[in-house]
$ cat model33.pdb   # PDB, C-alpha atoms and all ligand atoms
ATOM      1  CA  MET A   1      67.976  65.544  99.235  1.00  0.00           C
ATOM      2  CA  ILE A   2      71.743  65.409  99.591  1.00  0.00           C
ATOM      3  CA  GLN A   3      73.509  68.048  97.508  1.00  0.00           C
ATOM      4  CA  VAL A   4      77.018  67.061  96.453  1.00  0.00           C
ATOM      5  CA  ASN A   5      79.176  69.909  95.200  1.00  0.00           C
ATOM      6  CA  PRO A   6      81.025  68.594  92.162  1.00  0.00           C
ATOM      7  CA  TYR A   7      83.971  71.007  91.934  1.00  0.00           C
ATOM      8  CA  GLN A   8      86.973  71.776  94.102  1.00  0.00           C
ATOM      9  CA  ARG A   9      87.983  75.437  94.177  1.00  0.00           C
ATOM     10  CA  LEU A  10      91.415  76.291  95.528  1.00  0.00           C
ATOM     11  CA  ILE A  11      92.905  79.775  95.874  1.00  0.00           C
ATOM     12  CA  TYR A  12      96.519  80.326  96.924  1.00  0.00           C
ATOM     13  CA  THR A  13      99.123  83.056  96.851  1.00  0.00           C
ATOM     14  CA  SER A  14     102.899  82.730  96.444  1.00  0.00           C
ATOM     15  CA  ARG A  15     106.057  84.737  95.855  1.00  0.00           C
ATOM     16  CA  ALA A  16     107.297  84.870  92.250  1.00  0.00           C
ATOM     17  CA  VAL A  17     111.047  84.218  92.150  1.00  0.00           C
ATOM     18  CA  ASP A  18     111.448  86.376  89.023  1.00  0.00           C
ATOM     19  CA  GLY A  19     109.350  89.148  90.540  1.00  0.00           C
ATOM     20  CA  GLY A  20     106.332  88.213  88.411  1.00  0.00           C
ATOM     21  CA  ASP A  21     107.300  90.417  85.469  1.00  0.00           C
ATOM     22  CA  GLY A  22     109.918  88.179  83.864  1.00  0.00           C
ATOM     23  CA  ASP A  23     109.531  85.374  81.331  1.00  0.00           C
ATOM     24  CA  HIS A  24     108.000  82.873  83.726  1.00  0.00           C
ATOM     25  CA  LEU A  25     104.359  83.908  83.532  1.00  0.00           C
ATOM     26  CA  GLN A  26     103.928  83.327  79.793  1.00  0.00           C
ATOM     27  CA  ALA A  27     105.732  79.969  79.972  1.00  0.00           C
ATOM     28  CA  ILE A  28     103.560  78.913  82.921  1.00  0.00           C
ATOM     29  CA  LEU A  29     100.393  79.939  81.100  1.00  0.00           C
ATOM     30  CA  THR A  30     101.269  78.026  77.937  1.00  0.00           C
ATOM     31  CA  VAL A  31     101.753  74.760  79.846  1.00  0.00           C
ATOM     32  CA  SER A  32      98.798  75.458  82.142  1.00  0.00           C
ATOM     33  CA  ARG A  33      96.384  75.953  79.281  1.00  0.00           C
ATOM     34  CA  ARG A  34      97.456  72.708  77.652  1.00  0.00           C
ATOM     35  CA  ASN A  35      97.283  70.648  80.849  1.00  0.00           C
ATOM     36  CA  ASN A  36      94.203  72.280  82.322  1.00  0.00           C
ATOM     37  CA  GLY A  37      92.282  71.945  79.080  1.00  0.00           C
ATOM     38  CA  MET A  38      92.889  68.188  79.140  1.00  0.00           C
ATOM     39  CA  ASP A  39      92.213  67.825  82.857  1.00  0.00           C
ATOM     40  CA  GLY A  40      89.039  69.921  83.071  1.00  0.00           C
ATOM     41  CA  VAL A  41      90.679  72.577  85.253  1.00  0.00           C
ATOM     42  CA  SER A  42      89.823  76.262  84.800  1.00  0.00           C
ATOM     43  CA  GLY A  43      90.793  79.399  86.697  1.00  0.00           C
ATOM     44  CA  VAL A  44      92.805  82.573  86.767  1.00  0.00           C
ATOM     45  CA  LEU A  45      96.460  83.370  87.490  1.00  0.00           C
ATOM     46  CA  TRP A  46      97.286  86.938  88.517  1.00  0.00           C
ATOM     47  CA  ALA A  47     100.838  88.308  88.900  1.00  0.00           C
ATOM     48  CA  LYS A  48     101.186  91.536  90.854  1.00  0.00           C
ATOM     49  CA  ASP A  49     103.809  93.169  93.088  1.00  0.00           C
ATOM     50  CA  GLY A  50     106.045  90.098  92.958  1.00  0.00           C
ATOM     51  CA  ARG A  51     103.285  87.707  93.968  1.00  0.00           C
ATOM     52  CA  TYR A  52     101.063  85.203  92.220  1.00  0.00           C
ATOM     53  CA  THR A  53      97.461  84.638  93.172  1.00  0.00           C
ATOM     54  CA  GLN A  54      95.818  81.681  91.474  1.00  0.00           C
ATOM     55  CA  LEU A  55      92.343  80.186  91.541  1.00  0.00           C
ATOM     56  CA  LEU A  56      92.056  76.571  90.360  1.00  0.00           C
ATOM     57  CA  GLU A  57      88.655  74.927  89.914  1.00  0.00           C
ATOM     58  CA  GLY A  58      87.514  71.586  88.544  1.00  0.00           C
ATOM     59  CA  PRO A  59      87.065  67.935  89.513  1.00  0.00           C
ATOM     60  CA  ALA A  60      88.791  67.333  92.866  1.00  0.00           C
ATOM     61  CA  ASP A  61      91.271  64.792  91.452  1.00  0.00           C
ATOM     62  CA  SER A  62      92.324  67.150  88.671  1.00  0.00           C
ATOM     63  CA  VAL A  63      92.778  70.147  90.980  1.00  0.00           C
ATOM     64  CA  ALA A  64      94.745  68.035  93.465  1.00  0.00           C
ATOM     65  CA  GLN A  65      97.054  66.731  90.740  1.00  0.00           C
ATOM     66  CA  ALA A  66      97.626  70.196  89.274  1.00  0.00           C
ATOM     67  CA  PHE A  67      98.335  71.680  92.698  1.00  0.00           C
ATOM     68  CA  ALA A  68     100.723  68.833  93.550  1.00  0.00           C
ATOM     69  CA  ARG A  69     102.806  69.835  90.500  1.00  0.00           C
ATOM     70  CA  ILE A  70     102.455  73.560  91.168  1.00  0.00           C
ATOM     71  CA  ARG A  71     103.534  73.224  94.832  1.00  0.00           C
ATOM     72  CA  ILE A  72     106.980  71.898  93.916  1.00  0.00           C
ATOM     73  CA  ASP A  73     107.599  74.359  91.078  1.00  0.00           C
ATOM     74  CA  PRO A  74     110.822  76.328  91.793  1.00  0.00           C
ATOM     75  CA  ARG A  75     109.483  79.414  89.984  1.00  0.00           C
ATOM     76  CA  HIS A  76     107.634  80.408  93.148  1.00  0.00           C
ATOM     77  CA  SER A  77     107.930  80.032  96.924  1.00  0.00           C
ATOM     78  CA  ASP A  78     106.077  80.778 100.165  1.00  0.00           C
ATOM     79  CA  ILE A  79     102.848  79.188  98.945  1.00  0.00           C
ATOM     80  CA  ALA A  80      99.901  79.947 101.216  1.00  0.00           C
ATOM     81  CA  VAL A  81      96.452  78.453 100.596  1.00  0.00           C
ATOM     82  CA  LEU A  82      93.802  81.155 101.058  1.00  0.00           C
ATOM     83  CA  ASP A  83      90.680  79.111 100.419  1.00  0.00           C
ATOM     84  CA  ASP A  84      89.948  75.483  99.552  1.00  0.00           C
ATOM     85  CA  ARG A  85      86.404  74.170  99.280  1.00  0.00           C
ATOM     86  CA  MET A  86      83.935  72.185  97.237  1.00  0.00           C
ATOM     87  CA  VAL A  87      81.560  74.353  95.190  1.00  0.00           C
ATOM     88  CA  ASP A  88      78.524  73.763  92.996  1.00  0.00           C
ATOM     89  CA  ALA A  89      79.621  75.821  89.975  1.00  0.00           C
ATOM     90  CA  ARG A  90      82.691  77.122  88.172  1.00  0.00           C
ATOM     91  CA  GLN A  91      83.442  80.840  88.145  1.00  0.00           C
ATOM     92  CA  PHE A  92      85.881  80.810  85.198  1.00  0.00           C
ATOM     93  CA  GLY A  93      84.564  77.897  83.156  1.00  0.00           C
ATOM     94  CA  GLU A  94      85.612  79.357  79.833  1.00  0.00           C
ATOM     95  CA  TRP A  95      89.255  79.813  80.924  1.00  0.00           C
ATOM     96  CA  ALA A  96      91.689  76.875  80.915  1.00  0.00           C
ATOM     97  CA  MET A  97      93.811  79.472  82.765  1.00  0.00           C
ATOM     98  CA  ALA A  98      93.184  83.164  82.336  1.00  0.00           C
ATOM     99  CA  GLY A  99      96.509  84.927  82.950  1.00  0.00           C
ATOM    100  CA  LEU A 100      97.405  88.499  83.729  1.00  0.00           C
ATOM    101  CA  PRO A 101      99.339  90.637  82.930  1.00  0.00           C
ATOM    102  CA  GLY A 102      99.229  89.353  79.345  1.00  0.00           C
ATOM    103  CA  ASP A 103     100.133  91.185  76.152  1.00  0.00           C
ATOM    104  CA  ARG A 104      98.982  94.543  77.564  1.00  0.00           C
ATOM    105  CA  PRO A 105     100.406  94.988  81.083  1.00  0.00           C
ATOM    106  CA  ASP A 106      98.957  98.509  81.161  1.00  0.00           C
ATOM    107  CA  MET A 107      95.492  96.992  80.820  1.00  0.00           C
ATOM    108  CA  ALA A 108      95.991  94.202  83.359  1.00  0.00           C
ATOM    109  CA  SER A 109      94.050  95.699  86.245  1.00  0.00           C
ATOM    110  CA  GLU A 110      91.153  96.617  84.006  1.00  0.00           C
ATOM    111  CA  ARG A 111      91.055  93.143  82.475  1.00  0.00           C
ATOM    112  CA  LEU A 112      91.184  91.446  85.859  1.00  0.00           C
ATOM    113  CA  ARG A 113      88.338  93.646  87.057  1.00  0.00           C
ATOM    114  CA  ALA A 114      86.290  92.600  84.024  1.00  0.00           C
ATOM    115  CA  LEU A 115      87.102  88.928  84.644  1.00  0.00           C
ATOM    116  CA  LEU A 116      86.057  89.188  88.274  1.00  0.00           C
ATOM    117  CA  ARG A 117      82.952  91.257  87.663  1.00  0.00           C
ATOM    118  CA  ASN A 118      80.678  88.244  87.660  1.00  0.00           C
ATOM    119  CA  ALA A 119      82.625  86.237  90.223  1.00  0.00           C
ATOM    120  CA  ASP A 120      81.507  85.783  93.818  1.00  0.00           C
ATOM    121  CA  ALA A 121      82.442  88.656  96.157  1.00  0.00           C
ATOM    122  CA  GLU A 122      84.341  86.177  98.339  1.00  0.00           C
ATOM    123  CA  ILE A 123      86.633  85.476  95.396  1.00  0.00           C
ATOM    124  CA  ARG A 124      87.184  89.120  94.459  1.00  0.00           C
ATOM    125  CA  ARG A 125      88.614  89.984  97.839  1.00  0.00           C
ATOM    126  CA  TYR A 126      91.558  87.608  97.326  1.00  0.00           C
ATOM    127  CA  PHE A 127      92.707  89.415  94.172  1.00  0.00           C
ATOM    128  CA  SER A 128      94.109  92.863  94.864  1.00  0.00           C
ATOM    129  CA  VAL A 129      93.186  95.154  91.982  1.00  0.00           C
ATOM    130  CA  ASP A 130      93.999  98.842  92.235  1.00  0.00           C
TER     131      ASP A 130
HETATM  132  C1  LIG B 201     102.342  80.169  89.763  1.00  0.00           C
HETATM  133  C2  LIG B 201     102.257  78.900  88.952  1.00  0.00           C
HETATM  134  C3  LIG B 201     101.023  78.483  88.463  1.00  0.00           C
HETATM  135  C4  LIG B 201     100.924  77.305  87.720  1.00  0.00           C
HETATM  136  N1  LIG B 201      99.688  76.900  87.280  1.00  0.00           N
HETATM  137  C5  LIG B 201      99.579  75.727  86.623  1.00  0.00           C
HETATM  138  C6  LIG B 201      98.303  75.249  86.205  1.00  0.00           C
HETATM  139  O1  LIG B 201      97.265  75.878  86.415  1.00  0.00           O
HETATM  140  N2  LIG B 201      98.274  74.061  85.543  1.00  0.00           N
HETATM  141  C7  LIG B 201      99.380  73.336  85.267  1.00  0.00           C
HETATM  142  O2  LIG B 201      99.275  72.262  84.680  1.00  0.00           O
HETATM  143  N3  LIG B 201     100.600  73.775  85.647  1.00  0.00           N
HETATM  144  C8  LIG B 201     100.721  74.948  86.306  1.00  0.00           C
HETATM  145  N4  LIG B 201     101.967  75.394  86.678  1.00  0.00           N
HETATM  146  C9  LIG B 201     103.149  74.669  86.166  1.00  0.00           C
HETATM  147  C10 LIG B 201     103.451  73.441  87.003  1.00  0.00           C
HETATM  148  O3  LIG B 201     104.170  73.813  88.156  1.00  0.00           O
HETATM  149  C11 LIG B 201     104.307  72.440  86.185  1.00  0.00           C
HETATM  150  O4  LIG B 201     105.461  73.070  85.711  1.00  0.00           O
HETATM  151  C12 LIG B 201     103.543  71.885  85.005  1.00  0.00           C
HETATM  152  O5  LIG B 201     102.248  71.489  85.362  1.00  0.00           O
HETATM  153  C13 LIG B 201     104.297  70.684  84.409  1.00  0.00           C
HETATM  154  O6  LIG B 201     103.609  70.269  83.279  1.00  0.00           O
HETATM  155  P1  LIG B 201     104.262  69.172  82.306  1.00  0.00           P
HETATM  156  O7  LIG B 201     104.542  67.969  83.170  1.00  0.00           O
HETATM  157  O8  LIG B 201     103.185  68.945  81.287  1.00  0.00           O
HETATM  158  O9  LIG B 201     105.498  69.794  81.739  1.00  0.00           O
HETATM  159  C14 LIG B 201     102.085  76.545  87.442  1.00  0.00           C
HETATM  160  C15 LIG B 201     103.319  76.970  87.944  1.00  0.00           C
HETATM  161  C16 LIG B 201     103.410  78.145  88.692  1.00  0.00           C
HETATM  162  C17 LIG B 201     104.758  78.588  89.206  1.00  0.00           C
END

$ encode --input "model33.pdb" --output "structure tokens" --more "lines below"
Ligand SMILES: Cc1cc2nc3c(=O)[nH]c(=O)nc-3n(C[C@H](O)[C@H](O)[C@H](O)COP(=O)(O)O)c2cc1C
Amino acid sequence: MIQVNPYQRLIYTSRAVDGGDGDHLQAILTVSRRNNGMDGVSGVLWAKDGRYTQLLEGPADSVAQAFARIRIDPRHSDIAVLDDRMVDARQFGEWAMAGLPGDRPDMASERLRALLRNADAEIRRYFSVD
């Protein structure tokens, strides 16, 4: 039987022009949650040490369209794709876009660790948590 993986999963890293601890993250998350919720995209966006790392997952068309917008966004630069593949299941299905640090920056690492606890090991290694 031919198994067709229904979801695209893309992970990239980039440099945050505001250092990642300015106003951009919350604004990005607000728009992301609205768009991703409509487009069937889920994932996680992590800001740390002046860099973003984002995982996007969903129907291939939706992920491609989201990433096409994200690529040209002037709030980040030096975008490098770390992993891009078709997969059989979502890892963050309940998150239109989980985002960290959120309201409790002091808890960010702990929250990311909790989010990643059930994710594949191959995903965890792309997110540097101390
Ligand atoms: C690091 C980063 C991550 C982003 N992630 C998403 C995302 O997951 N979904 C999304 O729709 N837009 C995301 N954006 C915002 C897009 O670049 C773009 O501003 C937005 O999709 C435009 O939406 P609008 O046309 O509805 O205003 C991200 C931007 C940055 C800088």

$ atom_distance --input "model33.pdb" --atom1 "atom CA of Asp18 of chain A" --atom2 "atom CA of Arg51 of chain A"
9.6 Å

$ closest_residue --input "model33.pdb" --among "A:Ser109, A:Asn36, A:Asn118, A:Ser128" --to "ligand LIG 201 (chain B)" --atoms "only C-alpha atoms and all ligand atoms"
A:Asn36

$ axis_aligned_box --input "model33.pdb" --around "ligand LIG 201 (chain B)" --padding-each-side "3 Å" --output "lines of an AutoDock Vina configuration file"
center_x = 101.4
center_y = 74.1
center_z = 85.5
size_x = 14.2
size_y = 18.2
size_z = 14.5

$ resolve_selection --input "model33.pdb" --expression "the PyMOL selection byres (((not hetatm)) within 7 of (chain B and resi 201))" --output "VMD selection string"
chain A and resid 28 to 29 31 to 33 35 to 36 45 52 54 56 66 69 to 76 97

$ residues_around --input "model33.pdb" --residues "segment 57-61 of chain A" --least-positions-apart "5" --cutoff "9 Å" --atoms "all atoms listed in the file" --output "MDAnalysis selection string"
chainID A and resid 6:11 39:43 66 86:87 90:93

$ atom_distance --input "model33.pdb" --atom1 "atom CA of Ala47 of chain A" --atom2 "atom CA of Ala96 of chain A"
16.7 Å

$ atom_distance --input "model33.pdb" --atom1 "atom CA of Gly19 of chain A" --atom2 "atom CA of Lys48 of chain A"
8.5 Å

$ resolve_selection --input "model33.pdb" --expression "the PyMOL selection byres (((chain A and resi 125) around 12) and not hetatm)" --output "list in words"
Ile11, Thr53, Leu82, Asp83, Arg113, Leu116, Arg117, Ala119, Asp120, Ala121, Glu122, Ile123, Arg124, Tyr126, Phe127, Ser128, Val129 and Asp130 of chain A

$ closest_residue --input "model33.pdb" --among "A:Leu25, A:Ala16, A:Met107, A:Ala98" --to "Gly37 of chain A" --atoms "only C-alpha atoms"
A:Ala98

$ closest_residue --input "model33.pdb" --among "A:Leu100, A:Leu115, A:Val44, A:Ile79" --to "Asp21 of chain A" --atoms "only C-alpha atoms"
A:Leu100

$ closest_residue --input "model33.pdb" --among "A:Arg34, A:Ala68, A:Ala27, A:Ala80" --to "Ser14 of chain A" --atoms "all atoms listed in the file"
A:Ala80

$ closest_residue --input "model33.pdb" --among "A:Ala108, A:Met1, A:Val63, A:Leu55" --to "Trp95 of chain A" --atoms "only C-alpha atoms"
A:Leu55
